[in-house]
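Text of protein_28.pdb (PDB, C-alpha atoms and all ligand atoms) as supplied:
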```pdb
ATOM      1  CA  MET O   1     120.225 120.409 107.314  1.00  0.00           C
ATOM      2  CA  PHE O   2     117.946 117.591 108.386  1.00  0.00           C
ATOM      3  CA  GLU O   3     117.621 114.076 107.113  1.00  0.00           C
ATOM      4  CA  ARG O   4     114.650 111.924 106.375  1.00  0.00           C
ATOM      5  CA  ARG O   5     113.940 108.257 105.702  1.00  0.00           C
ATOM      6  CA  CYS O   6     112.483 107.324 102.293  1.00  0.00           C
ATOM      7  CA  ARG O   7     109.078 105.701 102.753  1.00  0.00           C
ATOM      8  CA  TYR O   8     109.799 103.141 100.014  1.00  0.00           C
ATOM      9  CA  CYS O   9     113.438 102.039 100.272  1.00  0.00           C
ATOM     10  CA  GLU O  10     113.882 103.298 103.862  1.00  0.00           C
ATOM     11  CA  GLN O  11     117.240 104.852 103.030  1.00  0.00           C
ATOM     12  CA  VAL O  12     118.131 108.128 104.696  1.00  0.00           C
ATOM     13  CA  PHE O  13     118.149 111.113 102.321  1.00  0.00           C
ATOM     14  CA  GLN O  14     118.177 114.902 102.381  1.00  0.00           C
ATOM     15  CA  PRO O  15     114.968 116.510 101.156  1.00  0.00           C
ATOM     16  CA  SER O  16     115.338 119.109  98.449  1.00  0.00           C
ATOM     17  CA  LYS O  17     115.223 122.663  99.777  1.00  0.00           C
ATOM     18  CA  PHE O  18     112.607 123.362  97.115  1.00  0.00           C
ATOM     19  CA  GLN O  19     110.420 120.503  98.391  1.00  0.00           C
ATOM     20  CA  PRO O  20     110.572 120.523 102.166  1.00  0.00           C
ATOM     21  CA  GLY O  21     107.743 117.973 102.355  1.00  0.00           C
ATOM     22  CA  GLN O  22     109.613 115.420 100.237  1.00  0.00           C
ATOM     23  CA  SER O  23     109.119 111.923 101.659  1.00  0.00           C
ATOM     24  CA  VAL O  24     110.626 109.846  98.850  1.00  0.00           C
ATOM     25  CA  CYS O  25     114.342 109.776  98.014  1.00  0.00           C
ATOM     26  CA  SER O  26     115.569 110.726  94.539  1.00  0.00           C
ATOM     27  CA  GLY O  27     116.375 107.126  93.528  1.00  0.00           C
ATOM     28  CA  SER O  28     114.810 106.331  90.153  1.00  0.00           C
ATOM     29  CA  ASP O  29     112.870 103.267  91.392  1.00  0.00           C
ATOM     30  CA  CYS O  30     111.399 105.191  94.297  1.00  0.00           C
ATOM     31  CA  GLN O  31     110.510 108.153  92.082  1.00  0.00           C
ATOM     32  CA  ARG O  32     108.854 105.883  89.541  1.00  0.00           C
ATOM     33  CA  ARG O  33     106.844 104.268  92.330  1.00  0.00           C
ATOM     34  CA  ARG O  34     105.847 107.669  93.705  1.00  0.00           C
ATOM     35  CA  ARG O  35     104.632 108.879  90.292  1.00  0.00           C
ATOM     36  CA  SER O  36     102.725 105.667  89.688  1.00  0.00           C
ATOM     37  CA  GLU O  37     100.992 105.857  93.074  1.00  0.00           C
ATOM     38  CA  ASN O  38     100.145 109.525  92.573  1.00  0.00           C
ATOM     39  CA  ARG O  39      98.634 108.692  89.229  1.00  0.00           C
ATOM     40  CA  HIS O  40      96.512 105.866  90.656  1.00  0.00           C
ATOM     41  CA  ARG O  41      95.352 108.079  93.497  1.00  0.00           C
ATOM     42  CA  LYS O  42      94.397 110.845  91.088  1.00  0.00           C
ATOM     43  CA  ILE O  43      92.570 108.422  88.794  1.00  0.00           C
ATOM     44  CA  ALA O  44      90.616 107.092  91.755  1.00  0.00           C
ATOM     45  CA  SER O  45      89.668 110.517  93.100  1.00  0.00           C
ATOM     46  CA  ASP O  46      89.327 112.706  90.006  1.00  0.00           C
ATOM     47  CA  PRO O  47      86.709 111.642  87.414  1.00  0.00           C
ATOM     48  CA  GLU O  48      87.873 114.270  84.938  1.00  0.00           C
ATOM     49  CA  TYR O  49      91.470 113.059  85.086  1.00  0.00           C
ATOM     50  CA  ARG O  50      90.237 109.474  84.773  1.00  0.00           C
ATOM     51  CA  GLN O  51      88.346 110.420  81.600  1.00  0.00           C
ATOM     52  CA  VAL O  52      91.419 112.100  80.151  1.00  0.00           C
ATOM     53  CA  CYS O  53      93.513 108.995  80.850  1.00  0.00           C
ATOM     54  CA  GLN O  54      90.918 106.702  79.312  1.00  0.00           C
ATOM     55  CA  ASP O  55      90.653 108.889  76.228  1.00  0.00           C
ATOM     56  CA  SER O  56      94.396 109.068  75.778  1.00  0.00           C
ATOM     57  CA  SER O  57      94.864 105.306  76.153  1.00  0.00           C
ATOM     58  CA  ARG O  58      91.995 104.729  73.715  1.00  0.00           C
ATOM     59  CA  LYS O  59      93.704 107.041  71.220  1.00  0.00           C
ATOM     60  CA  TRP O  60      97.002 105.301  71.818  1.00  0.00           C
ATOM     61  CA  ARG O  61      95.436 101.890  71.154  1.00  0.00           C
ATOM     62  CA  ALA O  62      93.824 103.250  68.000  1.00  0.00           C
ATOM     63  CA  ARG O  63      97.182 104.503  66.790  1.00  0.00           C
ATOM     64  CA  ASN O  64      98.974 101.264  67.717  1.00  0.00           C
ATOM     65  CA  PRO O  65      96.558  98.440  66.923  1.00  0.00           C
ATOM     66  CA  GLU O  66      99.337  95.926  66.456  1.00  0.00           C
ATOM     67  CA  TYR O  67     101.014  96.518  69.777  1.00  0.00           C
ATOM     68  CA  TRP O  68      99.117  94.008  71.929  1.00  0.00           C
ATOM     69  CA  ARG O  69      99.017  91.368  69.229  1.00  0.00           C
ATOM     70  CA  ARG O  70     102.780  91.604  68.737  1.00  0.00           C
ATOM     71  CA  ARG O  71     103.385  91.632  72.469  1.00  0.00           C
ATOM     72  CA  ARG O  72     101.304  88.479  72.893  1.00  0.00           C
ATOM     73  CA  GLU O  73     103.037  86.785  69.987  1.00  0.00           C
ATOM     74  CA  SER O  74     106.490  87.593  71.288  1.00  0.00           C
ATOM     75  CA  ASN O  75     105.663  86.440  74.799  1.00  0.00           C
ATOM     76  CA  PRO O  76     103.492  83.310  75.136  1.00  0.00           C
ATOM     77  CA  ALA O  77     103.878  83.493  78.925  1.00  0.00           C
ATOM     78  CA  ILE O  78     101.653  86.591  78.909  1.00  0.00           C
ATOM     79  CA  VAL O  79      98.960  84.730  77.020  1.00  0.00           C
ATOM     80  CA  GLU O  80      99.133  81.771  79.398  1.00  0.00           C
ATOM     81  CA  ARG O  81      99.049  84.033  82.448  1.00  0.00           C
ATOM     82  CA  ASN O  82      96.006  85.904  81.096  1.00  0.00           C
ATOM     83  CA  ARG O  83      94.305  82.598  80.417  1.00  0.00           C
ATOM     84  CA  GLN O  84      94.953  81.367  83.945  1.00  0.00           C
ATOM     85  CA  GLN O  85      93.783  84.622  85.479  1.00  0.00           C
ATOM     86  CA  GLN O  86      90.593  84.397  83.428  1.00  0.00           C
ATOM     87  CA  ARG O  87      90.065  80.815  84.625  1.00  0.00           C
ATOM     88  CA  VAL O  88      90.414  81.891  88.247  1.00  0.00           C
ATOM     89  CA  ARG O  89      87.953  84.740  87.669  1.00  0.00           C
ATOM     90  CA  ASP O  90      85.484  82.315  86.056  1.00  0.00           C
ATOM     91  CA  GLN O  91      85.759  79.892  88.944  1.00  0.00           C
ATOM     92  CA  LYS O  92      85.263  82.630  91.513  1.00  0.00           C
ATOM     93  CA  ARG O  93      82.189  83.820  89.645  1.00  0.00           C
ATOM     94  CA  ARG O  94      80.784  80.298  89.524  1.00  0.00           C
ATOM     95  CA  LEU O  95      81.371  79.768  93.223  1.00  0.00           C
ATOM     96  CA  ARG O  96      79.642  83.075  93.877  1.00  0.00           C
ATOM     97  CA  ASP O  97      76.722  82.067  91.661  1.00  0.00           C
ATOM     98  CA  LEU O  98      76.480  78.762  93.478  1.00  0.00           C
ATOM     99  CA  ALA O  99      76.547  80.466  96.868  1.00  0.00           C
ATOM    100  CA  ASN O 100      73.865  82.935  95.771  1.00  0.00           C
ATOM    101  CA  ASN O 101      71.695  80.266  94.254  1.00  0.00           C
ATOM    102  CA  ASN O 102      68.880  79.510  96.689  1.00  0.00           C
ATOM    103  CA  SER O 103      68.106  76.209  95.061  1.00  0.00           C
ATOM    104  CA  ALA O 104      71.588  74.884  95.780  1.00  0.00           C
ATOM    105  CA  PHE O 105      71.512  72.435  98.633  1.00  0.00           C
ATOM    106  CA  ASP O 106      72.904  73.356 101.993  1.00  0.00           C
ATOM    107  CA  LEU O 107      76.596  72.551 101.778  1.00  0.00           C
ATOM    108  CA  THR O 108      77.149  72.757 105.503  1.00  0.00           C
ATOM    109  CA  HIS O 109      74.745  69.886 106.105  1.00  0.00           C
ATOM    110  CA  SER O 110      75.763  67.642 103.266  1.00  0.00           C
ATOM    111  CA  ALA O 111      78.117  64.706 103.531  1.00  0.00           C
ATOM    112  CA  ALA O 112      80.280  66.127 100.731  1.00  0.00           C
ATOM    113  CA  GLN O 113      83.923  65.342 101.190  1.00  0.00           C
ATOM    114  CA  VAL O 114      85.473  66.032  97.813  1.00  0.00           C
ATOM    115  CA  TRP O 115      85.323  69.216  95.782  1.00  0.00           C
ATOM    116  CA  LEU O 116      86.903  69.129  92.385  1.00  0.00           C
ATOM    117  CA  LEU O 117      87.799  72.457  90.794  1.00  0.00           C
ATOM    118  CA  GLY O 118      89.710  72.666  87.606  1.00  0.00           C
ATOM    119  CA  ALA O 119      89.930  73.134  83.893  1.00  0.00           C
ATOM    120  CA  GLY O 120      90.074  69.389  83.242  1.00  0.00           C
ATOM    121  CA  LEU O 121      86.446  69.090  84.293  1.00  0.00           C
ATOM    122  CA  GLU O 122      85.144  71.157  81.404  1.00  0.00           C
ATOM    123  CA  HIS O 123      84.762  67.977  79.443  1.00  0.00           C
ATOM    124  CA  LEU O 124      82.629  66.413  82.157  1.00  0.00           C
ATOM    125  CA  ALA O 125      80.547  69.537  82.484  1.00  0.00           C
ATOM    126  CA  ASN O 126      79.888  69.586  78.757  1.00  0.00           C
ATOM    127  CA  ASN O 127      78.653  66.019  78.777  1.00  0.00           C
ATOM    128  CA  ASN O 128      76.096  66.684  81.447  1.00  0.00           C
ATOM    129  CA  SER O 129      73.344  69.136  82.098  1.00  0.00           C
ATOM    130  CA  ALA O 130      75.375  70.872  84.788  1.00  0.00           C
ATOM    131  CA  ARG O 131      76.635  74.265  83.721  1.00  0.00           C
ATOM    132  CA  ALA O 132      79.243  74.620  86.424  1.00  0.00           C
ATOM    133  CA  GLN O 133      82.792  73.406  86.486  1.00  0.00           C
ATOM    134  CA  ILE O 134      82.393  72.549  90.144  1.00  0.00           C
ATOM    135  CA  TRP O 135      81.553  69.079  91.254  1.00  0.00           C
ATOM    136  CA  VAL O 136      80.500  68.144  94.741  1.00  0.00           C
ATOM    137  CA  LEU O 137      80.751  64.425  95.326  1.00  0.00           C
ATOM    138  CA  GLU O 138      79.105  62.790  98.283  1.00  0.00           C
ATOM    139  CA  ALA O 139      81.002  60.065 100.035  1.00  0.00           C
ATOM    140  CA  LEU O 140      79.637  56.556  99.536  1.00  0.00           C
ATOM    141  CA  PRO O 141      80.004  53.839 102.125  1.00  0.00           C
ATOM    142  CA  PRO O 142      82.770  51.383 101.235  1.00  0.00           C
ATOM    143  CA  ARG O 143      81.561  48.502  99.103  1.00  0.00           C
ATOM    144  CA  ARG O 144      81.096  45.255 100.902  1.00  0.00           C
ATOM    145  CA  GLY O 145      79.240  42.058 100.387  1.00  0.00           C
ATOM    146  CA  PRO O 146      78.651  39.580  97.619  1.00  0.00           C
ATOM    147  CA  GLN O 147      80.549  41.490  94.916  1.00  0.00           C
ATOM    148  CA  MET O 148      83.847  41.537  96.828  1.00  0.00           C
ATOM    149  CA  GLU O 149      83.511  37.954  97.845  1.00  0.00           C
ATOM    150  CA  SER O 150      82.767  36.810  94.334  1.00  0.00           C
ATOM    151  CA  CYS O 151      85.871  38.651  93.100  1.00  0.00           C
ATOM    152  CA  GLN O 152      88.044  36.900  95.642  1.00  0.00           C
ATOM    153  CA  GLN O 153      86.487  33.581  94.884  1.00  0.00           C
ATOM    154  CA  GLN O 154      87.074  34.079  91.208  1.00  0.00           C
ATOM    155  CA  ARG O 155      90.705  35.117  91.713  1.00  0.00           C
ATOM    156  CA  SER O 156      91.504  32.216  93.982  1.00  0.00           C
ATOM    157  CA  GLY O 157      89.814  30.045  91.443  1.00  0.00           C
ATOM    158  CA  LEU O 158      92.139  31.412  88.735  1.00  0.00           C
ATOM    159  CA  ASP O 159      95.162  30.948  90.944  1.00  0.00           C
ATOM    160  CA  ALA O 160      94.142  27.392  91.549  1.00  0.00           C
ATOM    161  CA  ALA O 161      93.709  26.891  87.827  1.00  0.00           C
ATOM    162  CA  SER O 162      97.133  28.364  86.989  1.00  0.00           C
ATOM    163  CA  VAL O 163      98.824  26.276  89.651  1.00  0.00           C
ATOM    164  CA  GLY O 164      97.029  23.158  88.681  1.00  0.00           C
TER     165      GLY O 164
HETATM  166 ZN    ZN E 201     113.923 105.540  98.217  1.00  0.00          ZN
END
```
Once you've parsed the file, please lay out its structure as structure tokens.
Ligand SMILES: [Zn+2]
Amino acid sequence: MFERRCRYCEQVFQPSKFQPGQSVCSGSDCQRRRRSENRHRKIASDPEYRQVCQDSSRKWRARNPEYWRRRRESNPAIVERNRQQQRVRDQKRRLRDLANNNSAFDLTHSAAQVWLLGAGLEHLANNNSARAQIWVLEALPPRRGPQMESCQQQRSGLDAASVG
């Protein structure tokens, strides 16, 4: 008898004499993983099998129309996760569009220092002609001059007034 190491859990096991090529132990987690990977491999390589799987899941959805709605209702975390994943996909797409857009200015040569990405900017985007949720802000030189001085003058003037 010879022993082998499971390629998932790395435990030593004895292959079945009926399956001398066995590379996964008989543990239920490892077997589940093996079946799942086999299925994905077959779907990727066999168009006919892929069609059968698609048809059967379409039939299943038709027979169980309430399943996903109930699942979403019973688990708000799923809904939130889907929403976040969709947001990330949208942002990636927009970045890709921006990168592919020839009319976009050359980012490498701009003085941009701040990039804001996020859902909170939807509001801003809606109030402007921009259709993206991405804002590139160029740095401005720090404000100096008459405005600052007049502020200080005014404040010291107030202080003087409150003291006096
Ligand atoms: Zn295993």
Can you tell me which residues sit at most 10 Å away from ligand ZN 201 (chain E), counting only C-alpha atoms and all ligand atoms, written as number ranges by chain? O: 5-13, 23-31, 33-34
Export of prior selection with C-alpha atoms as a tab-separated table (two decimals), in the frame of the given file:
```tsv
chain	number	residue	atom	x	y	z
O	5	ARG	CA	113.94	108.26	105.70
O	6	CYS	CA	112.48	107.32	102.29
O	7	ARG	CA	109.08	105.70	102.75
O	8	TYR	CA	109.80	103.14	100.01
O	9	CYS	CA	113.44	102.04	100.27
O	10	GLU	CA	113.88	103.30	103.86
O	11	GLN	CA	117.24	104.85	103.03
O	12	VAL	CA	118.13	108.13	104.70
O	13	PHE	CA	118.15	111.11	102.32
O	23	SER	CA	109.12	111.92	101.66
O	24	VAL	CA	110.63	109.85	98.85
O	25	CYS	CA	114.34	109.78	98.01
O	26	SER	CA	115.57	110.73	94.54
O	27	GLY	CA	116.38	107.13	93.53
O	28	SER	CA	114.81	106.33	90.15
O	29	ASP	CA	112.87	103.27	91.39
O	30	CYS	CA	111.40	105.19	94.30
O	31	GLN	CA	110.51	108.15	92.08
O	33	ARG	CA	106.84	104.27	92.33
O	34	ARG	CA	105.85	107.67	93.70
```
Just how far from atom CA of Ser74 of chain O is atom CA of Ser57 of chain O, in Å to one decimal?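 The value is 21.7 Å.
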Atom CA of Gln14 of chain O and atom CA of Arg35 of chain O, how far apart in Å?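 The value is 19.1 Å.
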Straight-line distance linking atom CA of Phe2 of chain O with atom CA of Pro20 of chain O, stated in Å to one decimal: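 Calculated distance between atom CA of Phe2 of chain O and atom CA of Pro20 of chain O is 10.1 Å.
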